[in-house]
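One file, run.pdb, is given below (PDB, C-alpha atoms, pLDDT in the B column).
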```pdb
MODEL        1
ATOM      1  CA  MET A  60      34.706  -3.021   7.837  1.00 56.00           C
ATOM      2  CA  ALA A  61      32.900  -1.063   5.079  1.00 61.00           C
ATOM      3  CA  ARG A  62      31.366  -4.273   3.737  1.00 68.00           C
ATOM      4  CA  ARG A  63      29.991  -5.125   7.181  1.00 68.00           C
ATOM      5  CA  ALA A  64      28.527  -1.608   7.516  1.00 67.00           C
ATOM      6  CA  ASN A  65      26.825  -1.912   4.103  1.00 76.00           C
ATOM      7  CA  SER A  66      25.474  -5.317   5.062  1.00 83.00           C
ATOM      8  CA  SER A  67      24.114  -3.848   8.291  1.00 87.00           C
ATOM      9  CA  ILE A  68      22.435  -1.010   6.383  1.00 90.00           C
ATOM     10  CA  GLU A  69      20.913  -3.419   3.866  1.00 91.00           C
ATOM     11  CA  SER A  70      19.631  -5.599   6.676  1.00 92.00           C
ATOM     12  CA  GLU A  71      17.984  -2.591   8.304  1.00 92.00           C
ATOM     13  CA  VAL A  72      16.486  -1.537   4.966  1.00 91.00           C
ATOM     14  CA  PHE A  73      14.891  -4.976   4.526  1.00 93.00           C
ATOM     15  CA  GLU A  74      13.516  -4.859   8.072  1.00 93.00           C
ATOM     16  CA  ARG A  75      11.954  -1.457   7.473  1.00 91.00           C
ATOM     17  CA  GLN A  76      10.647  -2.582   4.091  1.00 91.00           C
ATOM     18  CA  ALA A  77       8.863  -5.480   5.781  1.00 94.00           C
ATOM     19  CA  VAL A  78       7.270  -3.078   8.288  1.00 93.00           C
ATOM     20  CA  ILE A  79       6.039  -0.820   5.478  1.00 93.00           C
ATOM     21  CA  CYS A  80       4.750  -3.746   3.415  1.00 92.00           C
ATOM     22  CA  ARG A  81       2.759  -5.003   6.409  1.00 95.00           C
ATOM     23  CA  ALA A  82       1.340  -1.496   6.873  1.00 94.00           C
ATOM     24  CA  PHE A  83       0.311  -1.428   3.198  1.00 93.00           C
ATOM     25  CA  ALA A  84      -1.399  -4.830   3.481  1.00 94.00           C
ATOM     26  CA  HIS A  85      -4.985  -3.564   3.661  1.00 96.00           C
ATOM     27  CA  PRO A  86      -7.161  -2.118   0.869  1.00 95.00           C
ATOM     28  CA  LYS A  87      -8.442   0.781   3.006  1.00 97.00           C
ATOM     29  CA  ARG A  88      -4.890   1.781   3.952  1.00 96.00           C
ATOM     30  CA  LEU A  89      -3.896   1.715   0.285  1.00 94.00           C
ATOM     31  CA  GLN A  90      -6.895   3.919  -0.536  1.00 95.00           C
ATOM     32  CA  LEU A  91      -5.870   6.209   2.301  1.00 96.00           C
ATOM     33  CA  LEU A  92      -2.343   6.483   0.894  1.00 95.00           C
ATOM     34  CA  ASP A  93      -3.764   7.213  -2.542  1.00 94.00           C
ATOM     35  CA  ILE A  94      -5.883  10.067  -1.161  1.00 96.00           C
ATOM     36  CA  LEU A  95      -2.971  11.473   0.832  1.00 96.00           C
ATOM     37  CA  GLY A  96      -0.812  11.224  -2.278  1.00 94.00           C
ATOM     38  CA  ARG A  97      -2.968  14.043  -3.675  1.00 94.00           C
ATOM     39  CA  GLY A  98      -2.205  16.254  -0.676  1.00 95.00           C
ATOM     40  CA  GLU A  99      -2.836  16.867   2.989  1.00 96.00           C
ATOM     41  CA  ARG A 100      -6.362  16.055   4.202  1.00 97.00           C
ATOM     42  CA  ARG A 101      -8.370  16.590   7.361  1.00 97.00           C
ATOM     43  CA  VAL A 102      -9.337  13.452   9.269  1.00 97.00           C
ATOM     44  CA  PHE A 103     -13.061  13.947   8.707  1.00 95.00           C
ATOM     45  CA  GLU A 104     -12.423  14.227   4.934  1.00 97.00           C
ATOM     46  CA  LEU A 105     -10.557  10.920   5.005  1.00 98.00           C
ATOM     47  CA  GLN A 106     -13.310   9.278   7.027  1.00 97.00           C
ATOM     48  CA  LYS A 107     -15.943  10.446   4.556  1.00 97.00           C
ATOM     49  CA  ALA A 108     -13.898   9.454   1.478  1.00 97.00           C
ATOM     50  CA  LEU A 109     -13.222   5.960   2.841  1.00 97.00           C
ATOM     51  CA  ASP A 110     -16.724   5.526   4.301  1.00 97.00           C
ATOM     52  CA  ILE A 111     -15.407   4.073   7.564  1.00 97.00           C
ATOM     53  CA  SER A 112     -15.894   4.882  11.236  1.00 97.00           C
ATOM     54  CA  LYS A 113     -13.662   7.344  13.049  1.00 95.00           C
ATOM     55  CA  ALA A 114     -12.328   4.512  15.221  1.00 97.00           C
ATOM     56  CA  ASN A 115     -11.489   2.386  12.180  1.00 97.00           C
ATOM     57  CA  LEU A 116      -9.747   5.316  10.470  1.00 97.00           C
ATOM     58  CA  SER A 117      -7.802   5.974  13.652  1.00 96.00           C
ATOM     59  CA  GLN A 118      -6.546   2.373  13.674  1.00 97.00           C
ATOM     60  CA  HIS A 119      -5.468   2.549  10.031  1.00 97.00           C
ATOM     61  CA  LEU A 120      -3.707   5.869  10.586  1.00 97.00           C
ATOM     62  CA  ALA A 121      -1.922   4.521  13.659  1.00 97.00           C
ATOM     63  CA  ILE A 122      -0.522   1.611  11.632  1.00 97.00           C
ATOM     64  CA  LEU A 123       0.653   3.913   8.833  1.00 97.00           C
ATOM     65  CA  LYS A 124       2.159   6.389  11.311  1.00 96.00           C
ATOM     66  CA  ALA A 125       3.994   3.577  13.129  1.00 96.00           C
ATOM     67  CA  ALA A 126       5.465   2.504   9.783  1.00 95.00           C
ATOM     68  CA  GLY A 127       6.640   6.075   9.265  1.00 94.00           C
ATOM     69  CA  VAL A 128       4.711   6.752   6.054  1.00 95.00           C
ATOM     70  CA  VAL A 129       1.994   9.098   7.370  1.00 97.00           C
ATOM     71  CA  THR A 130       2.155  12.060   9.695  1.00 97.00           C
ATOM     72  CA  ALA A 131      -0.590  14.001  11.455  1.00 96.00           C
ATOM     73  CA  ARG A 132      -0.648  17.517  12.829  1.00 96.00           C
ATOM     74  CA  ARG A 133      -3.196  19.456  14.804  1.00 95.00           C
ATOM     75  CA  ASP A 134      -4.540  22.625  13.206  1.00 91.00           C
ATOM     76  CA  GLY A 135      -6.894  24.214  15.716  1.00 95.00           C
ATOM     77  CA  ARG A 136      -9.745  21.746  16.114  1.00 94.00           C
ATOM     78  CA  ASP A 137      -8.770  19.781  13.009  1.00 95.00           C
ATOM     79  CA  VAL A 138      -6.211  17.033  12.587  1.00 96.00           C
ATOM     80  CA  ARG A 139      -4.535  17.041   9.192  1.00 97.00           C
ATOM     81  CA  CYS A 140      -2.751  14.052   7.726  1.00 98.00           C
ATOM     82  CA  SER A 141      -0.147  13.813   4.988  1.00 97.00           C
ATOM     83  CA  LEU A 142       2.489  11.481   3.583  1.00 96.00           C
ATOM     84  CA  THR A 143       5.884  11.775   5.233  1.00 95.00           C
ATOM     85  CA  LEU A 144       7.803  11.387   1.954  1.00 89.00           C
ATOM     86  CA  PRO A 145       6.904  11.862  -1.721  1.00 87.00           C
ATOM     87  CA  GLU A 146       8.567   8.515  -2.458  1.00 91.00           C
ATOM     88  CA  VAL A 147       5.639   6.786  -0.720  1.00 90.00           C
ATOM     89  CA  LYS A 148       3.305   8.174  -3.372  1.00 89.00           C
ATOM     90  CA  ARG A 149       5.604   7.015  -6.179  1.00 92.00           C
ATOM     91  CA  ALA A 150       5.970   3.539  -4.656  1.00 90.00           C
ATOM     92  CA  CYS A 151       2.199   3.124  -4.292  1.00 88.00           C
ATOM     93  CA  HIS A 152       1.592   4.317  -7.852  1.00 89.00           C
ATOM     94  CA  LEU A 153       4.233   1.933  -9.192  1.00 92.00           C
ATOM     95  CA  ILE A 154       2.682  -1.062  -7.426  1.00 90.00           C
ATOM     96  CA  HIS A 155      -0.769   0.047  -8.604  1.00 90.00           C
ATOM     97  CA  ALA A 156       0.437   0.287 -12.219  1.00 93.00           C
ATOM     98  CA  VAL A 157       2.064  -3.159 -12.051  1.00 93.00           C
ATOM     99  CA  LEU A 158      -1.147  -4.714 -10.731  1.00 92.00           C
ATOM    100  CA  ARG A 159      -3.332  -2.913 -13.288  1.00 92.00           C
ATOM    101  CA  SER A 160      -1.087  -4.237 -16.068  1.00 93.00           C
ATOM    102  CA  GLN A 161      -1.187  -7.735 -14.572  1.00 93.00           C
ATOM    103  CA  ILE A 162      -5.005  -7.718 -14.433  1.00 94.00           C
ATOM    104  CA  ARG A 163      -5.292  -6.454 -18.010  1.00 93.00           C
ATOM    105  CA  ARG A 164      -2.972  -9.202 -19.282  1.00 91.00           C
ATOM    106  CA  GLN A 165      -4.837 -11.814 -17.312  1.00 91.00           C
ATOM    107  CA  ARG A 166      -8.207 -10.677 -18.689  1.00 90.00           C
ATOM    108  CA  LYS A 167      -6.784 -10.587 -22.221  1.00 86.00           C
ATOM    109  CA  PHE A 168      -5.786 -14.247 -21.969  1.00 85.00           C
ATOM    110  CA  GLU A 169      -9.145 -15.208 -20.437  1.00 84.00           C
ATOM    111  CA  SER A 170     -11.086 -13.740 -23.378  1.00 75.00           C
TER
ENDMDL
END
```

Target format structure tokens, applied to this file:
Amino acid sequence: MARRANSSIESEVFERQAVICRAFAHPKRLQLLDILGRGERRVFELQKALDISKANLSQHLAILKAAGVVTARRDGRDVRCSLTLPEVKRACHLIHAVLRSQIRRQRKFES
């Protein structure tokens, strides 16, 4: 019984991982996560930093919120966004570091 429960949990983890990976599958969303990794930001600050329309930012935020990695709260007239968990920041930084290392190695062999 315990083995079946663990298998069920692992299956759910992989399903959720796939949802998050799909949500991360856009450069602007990755930039957005990087900015939010530095702390809560107002929507207009995110829009300016990413140089995208309000509608486009709204779509990206909706995808990240649906994946459970970003949250938004109203503060008077402002909407403020933040990461739901600090682990999201660490995961993004780890992937970023792996890719930076990969690119450096690739360029080293090309020279």

Residues returned when the PyMOL selection byres ((chain A and resi 83) around 10) runs on this file, as a list in words: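 When the PyMOL selection byres ((chain A and resi 83) around 10) is applied, the selected residues are Ala77, Val78, Ile79, Cys80, Arg81, Ala82, Ala84, His85, Pro86, Lys87, Arg88, Leu89, Gln90, Leu91, Leu92, His119, Ile122, Leu123, Ala126, Val128 and Cys151 of chain A.
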
Written file, previous selection with C-alpha atoms, as an mmCIF file, in the coordinates of the input:
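What follows is the written file part_1.cif:
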```
data_model
loop_
_atom_site.group_PDB
_atom_site.id
_atom_site.type_symbol
_atom_site.label_atom_id
_atom_site.label_comp_id
_atom_site.auth_asym_id
_atom_site.auth_seq_id
_atom_site.Cartn_x
_atom_site.Cartn_y
_atom_site.Cartn_z
ATOM 1 C CA ALA A 77 8.863 -5.480 5.781
ATOM 2 C CA VAL A 78 7.270 -3.078 8.288
ATOM 3 C CA ILE A 79 6.039 -0.820 5.478
ATOM 4 C CA CYS A 80 4.750 -3.746 3.415
ATOM 5 C CA ARG A 81 2.759 -5.003 6.409
ATOM 6 C CA ALA A 82 1.340 -1.496 6.873
ATOM 7 C CA ALA A 84 -1.399 -4.830 3.481
ATOM 8 C CA HIS A 85 -4.985 -3.564 3.661
ATOM 9 C CA PRO A 86 -7.161 -2.118 0.869
ATOM 10 C CA LYS A 87 -8.442 0.781 3.006
ATOM 11 C CA ARG A 88 -4.890 1.781 3.952
ATOM 12 C CA LEU A 89 -3.896 1.715 0.285
ATOM 13 C CA GLN A 90 -6.895 3.919 -0.536
ATOM 14 C CA LEU A 91 -5.870 6.209 2.301
ATOM 15 C CA LEU A 92 -2.343 6.483 0.894
ATOM 16 C CA HIS A 119 -5.468 2.549 10.031
ATOM 17 C CA ILE A 122 -0.522 1.611 11.632
ATOM 18 C CA LEU A 123 0.653 3.913 8.833
ATOM 19 C CA ALA A 126 5.465 2.504 9.783
ATOM 20 C CA VAL A 128 4.711 6.752 6.054
ATOM 21 C CA CYS A 151 2.199 3.124 -4.292
#
```

State, in Å with one decimal place, the distance from atom CA of His152 of chain A to atom CA of Leu116 of chain A. 21.6 Å

Kindly give the distance, in Å, that separates atom CA of Ala114 of chain A and atom CA of Arg101 of chain A, rounded to a single decimal.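 Atom CA of Arg101 of chain A lies 14.9 Å from atom CA of Ala114 of chain A.
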
Hey, what's within 9 Å of Lys113 of chain A if we count all atoms listed in the file and toss same-chain stuff fewer than 5 positions away? As a PyMOL selection string, please? chain A and resi 102-103+106+118

Using only C-alpha atoms, which of the listed residues (A:Leu109, A:Lys167, A:Glu99, A:His155) sits closest to Thr130 of chain A?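 For Thr130 of chain A, the nearest of the given residues is A:Glu99.
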
If you measure from atom CA of Asn115 of chain A to atom CA of Gly127 of chain A, what distance in Å do you get, rounded to one decimal? 18.7 Å

Tell me which of A:Ser67, A:Ala131, A:Gly96, A:Glu169 sits closest to Leu144 of chain A, counting all atoms listed in the file.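 Once distances to Leu144 of chain A are computed over all atoms listed in the file, the minimum belongs to A:Gly96.
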
So, with only C-alpha atoms as the atoms that count, which of A:Gln76, A:Gln165, A:Ser66, A:Ser141 lies closest to Leu105 of chain A? A:Ser141

Could you add the missing atoms to segment 102-138 of chain A, up to N, CA and C atoms, and return them as an mmCIF file, in the frame of the given file?
```
data_model
loop_
_atom_site.group_PDB
_atom_site.id
_atom_site.type_symbol
_atom_site.label_atom_id
_atom_site.label_comp_id
_atom_site.auth_asym_id
_atom_site.auth_seq_id
_atom_site.Cartn_x
_atom_site.Cartn_y
_atom_site.Cartn_z
ATOM 1 N N VAL A 102 -8.889 14.787 8.880
ATOM 2 C CA VAL A 102 -9.337 13.452 9.269
ATOM 3 C C VAL A 102 -10.783 13.211 8.848
ATOM 4 N N PHE A 103 -11.653 14.181 9.060
ATOM 5 C CA PHE A 103 -13.061 13.947 8.707
ATOM 6 C C PHE A 103 -13.228 13.776 7.196
ATOM 7 N N GLU A 104 -12.369 14.411 6.386
ATOM 8 C CA GLU A 104 -12.423 14.227 4.934
ATOM 9 C C GLU A 104 -12.019 12.793 4.569
ATOM 10 N N LEU A 105 -11.006 12.297 5.249
ATOM 11 C CA LEU A 105 -10.557 10.920 5.005
ATOM 12 C C LEU A 105 -11.639 9.926 5.396
ATOM 13 N N GLN A 106 -12.244 10.166 6.544
ATOM 14 C CA GLN A 106 -13.310 9.278 7.027
ATOM 15 C C GLN A 106 -14.462 9.230 6.029
ATOM 16 N N LYS A 107 -14.848 10.377 5.516
ATOM 17 C CA LYS A 107 -15.943 10.446 4.556
ATOM 18 C C LYS A 107 -15.552 9.760 3.239
ATOM 19 N N ALA A 108 -14.354 10.026 2.756
ATOM 20 C CA ALA A 108 -13.898 9.454 1.478
ATOM 21 C C ALA A 108 -13.798 7.933 1.539
ATOM 22 N N LEU A 109 -13.391 7.408 2.689
ATOM 23 C CA LEU A 109 -13.222 5.960 2.841
ATOM 24 C C LEU A 109 -14.492 5.269 3.322
ATOM 25 N N ASP A 110 -15.463 6.058 3.793
ATOM 26 C CA ASP A 110 -16.724 5.526 4.301
ATOM 27 C C ASP A 110 -16.486 4.502 5.414
ATOM 28 N N ILE A 111 -15.690 4.925 6.408
ATOM 29 C CA ILE A 111 -15.407 4.073 7.564
ATOM 30 C C ILE A 111 -15.615 4.894 8.836
ATOM 31 N N SER A 112 -15.700 4.199 9.957
ATOM 32 C CA SER A 112 -15.894 4.882 11.236
ATOM 33 C C SER A 112 -14.626 5.624 11.641
ATOM 34 N N LYS A 113 -14.799 6.580 12.537
ATOM 35 C CA LYS A 113 -13.662 7.344 13.049
ATOM 36 C C LYS A 113 -12.670 6.419 13.757
ATOM 37 N N ALA A 114 -13.189 5.463 14.500
ATOM 38 C CA ALA A 114 -12.328 4.512 15.221
ATOM 39 C C ALA A 114 -11.515 3.659 14.244
ATOM 40 N N ASN A 115 -12.175 3.206 13.173
ATOM 41 C CA ASN A 115 -11.489 2.386 12.180
ATOM 42 C C ASN A 115 -10.416 3.200 11.465
ATOM 43 N N LEU A 116 -10.730 4.436 11.110
ATOM 44 C CA LEU A 116 -9.747 5.316 10.470
ATOM 45 C C LEU A 116 -8.567 5.548 11.397
ATOM 46 N N SER A 117 -8.855 5.756 12.660
ATOM 47 C CA SER A 117 -7.802 5.974 13.652
ATOM 48 C C SER A 117 -6.842 4.781 13.712
ATOM 49 N N GLN A 118 -7.384 3.577 13.660
ATOM 50 C CA GLN A 118 -6.546 2.373 13.674
ATOM 51 C C GLN A 118 -5.658 2.304 12.438
ATOM 52 N N HIS A 119 -6.245 2.577 11.268
ATOM 53 C CA HIS A 119 -5.468 2.549 10.031
ATOM 54 C C HIS A 119 -4.372 3.612 10.048
ATOM 55 N N LEU A 120 -4.704 4.804 10.512
ATOM 56 C CA LEU A 120 -3.707 5.869 10.586
ATOM 57 C C LEU A 120 -2.586 5.516 11.558
ATOM 58 N N ALA A 121 -2.938 4.906 12.671
ATOM 59 C CA ALA A 121 -1.922 4.521 13.659
ATOM 60 C C ALA A 121 -0.920 3.536 13.054
ATOM 61 N N ILE A 122 -1.403 2.594 12.277
ATOM 62 C CA ILE A 122 -0.522 1.611 11.632
ATOM 63 C C ILE A 122 0.402 2.303 10.629
ATOM 64 N N LEU A 123 -0.156 3.202 9.834
ATOM 65 C CA LEU A 123 0.653 3.913 8.833
ATOM 66 C C LEU A 123 1.639 4.876 9.489
ATOM 67 N N LYS A 124 1.240 5.497 10.588
ATOM 68 C CA LYS A 124 2.159 6.389 11.311
ATOM 69 C C LYS A 124 3.290 5.585 11.940
ATOM 70 N N ALA A 125 2.964 4.425 12.515
ATOM 71 C CA ALA A 125 3.994 3.577 13.129
ATOM 72 C C ALA A 125 5.007 3.103 12.097
ATOM 73 N N ALA A 126 4.558 2.917 10.861
ATOM 74 C CA ALA A 126 5.465 2.504 9.783
ATOM 75 C C ALA A 126 6.261 3.689 9.236
ATOM 76 N N GLY A 127 5.901 4.887 9.664
ATOM 77 C CA GLY A 127 6.640 6.075 9.265
ATOM 78 C C GLY A 127 6.262 6.640 7.907
ATOM 79 N N VAL A 128 5.087 6.273 7.391
ATOM 80 C CA VAL A 128 4.711 6.752 6.054
ATOM 81 C C VAL A 128 3.657 7.860 6.081
ATOM 82 N N VAL A 129 3.009 8.056 7.227
ATOM 83 C CA VAL A 129 1.994 9.098 7.370
ATOM 84 C C VAL A 129 2.302 9.905 8.615
ATOM 85 N N THR A 130 2.007 11.184 8.540
ATOM 86 C CA THR A 130 2.155 12.060 9.695
ATOM 87 C C THR A 130 0.852 12.811 9.908
ATOM 88 N N ALA A 131 0.616 13.235 11.132
ATOM 89 C CA ALA A 131 -0.590 14.001 11.455
ATOM 90 C C ALA A 131 -0.174 15.214 12.271
ATOM 91 N N ARG A 132 -0.904 16.301 12.049
ATOM 92 C CA ARG A 132 -0.648 17.517 12.829
ATOM 93 C C ARG A 132 -1.974 18.164 13.191
ATOM 94 N N ARG A 133 -1.992 18.774 14.343
ATOM 95 C CA ARG A 133 -3.196 19.456 14.804
ATOM 96 C C ARG A 133 -3.190 20.870 14.241
ATOM 97 N N ASP A 134 -4.349 21.277 13.744
ATOM 98 C CA ASP A 134 -4.540 22.625 13.206
ATOM 99 C C ASP A 134 -5.831 23.156 13.816
ATOM 100 N N GLY A 135 -5.699 23.781 14.980
ATOM 101 C CA GLY A 135 -6.894 24.214 15.716
ATOM 102 C C GLY A 135 -7.672 23.000 16.178
ATOM 103 N N ARG A 136 -8.911 22.891 15.731
ATOM 104 C CA ARG A 136 -9.745 21.746 16.114
ATOM 105 C C ARG A 136 -9.581 20.581 15.158
ATOM 106 N N ASP A 137 -8.944 20.819 14.027
ATOM 107 C CA ASP A 137 -8.770 19.781 13.009
ATOM 108 C C ASP A 137 -7.450 19.042 13.185
ATOM 109 N N VAL A 138 -7.450 17.796 12.719
ATOM 110 C CA VAL A 138 -6.211 17.033 12.587
ATOM 111 C C VAL A 138 -6.019 16.814 11.098
#
```
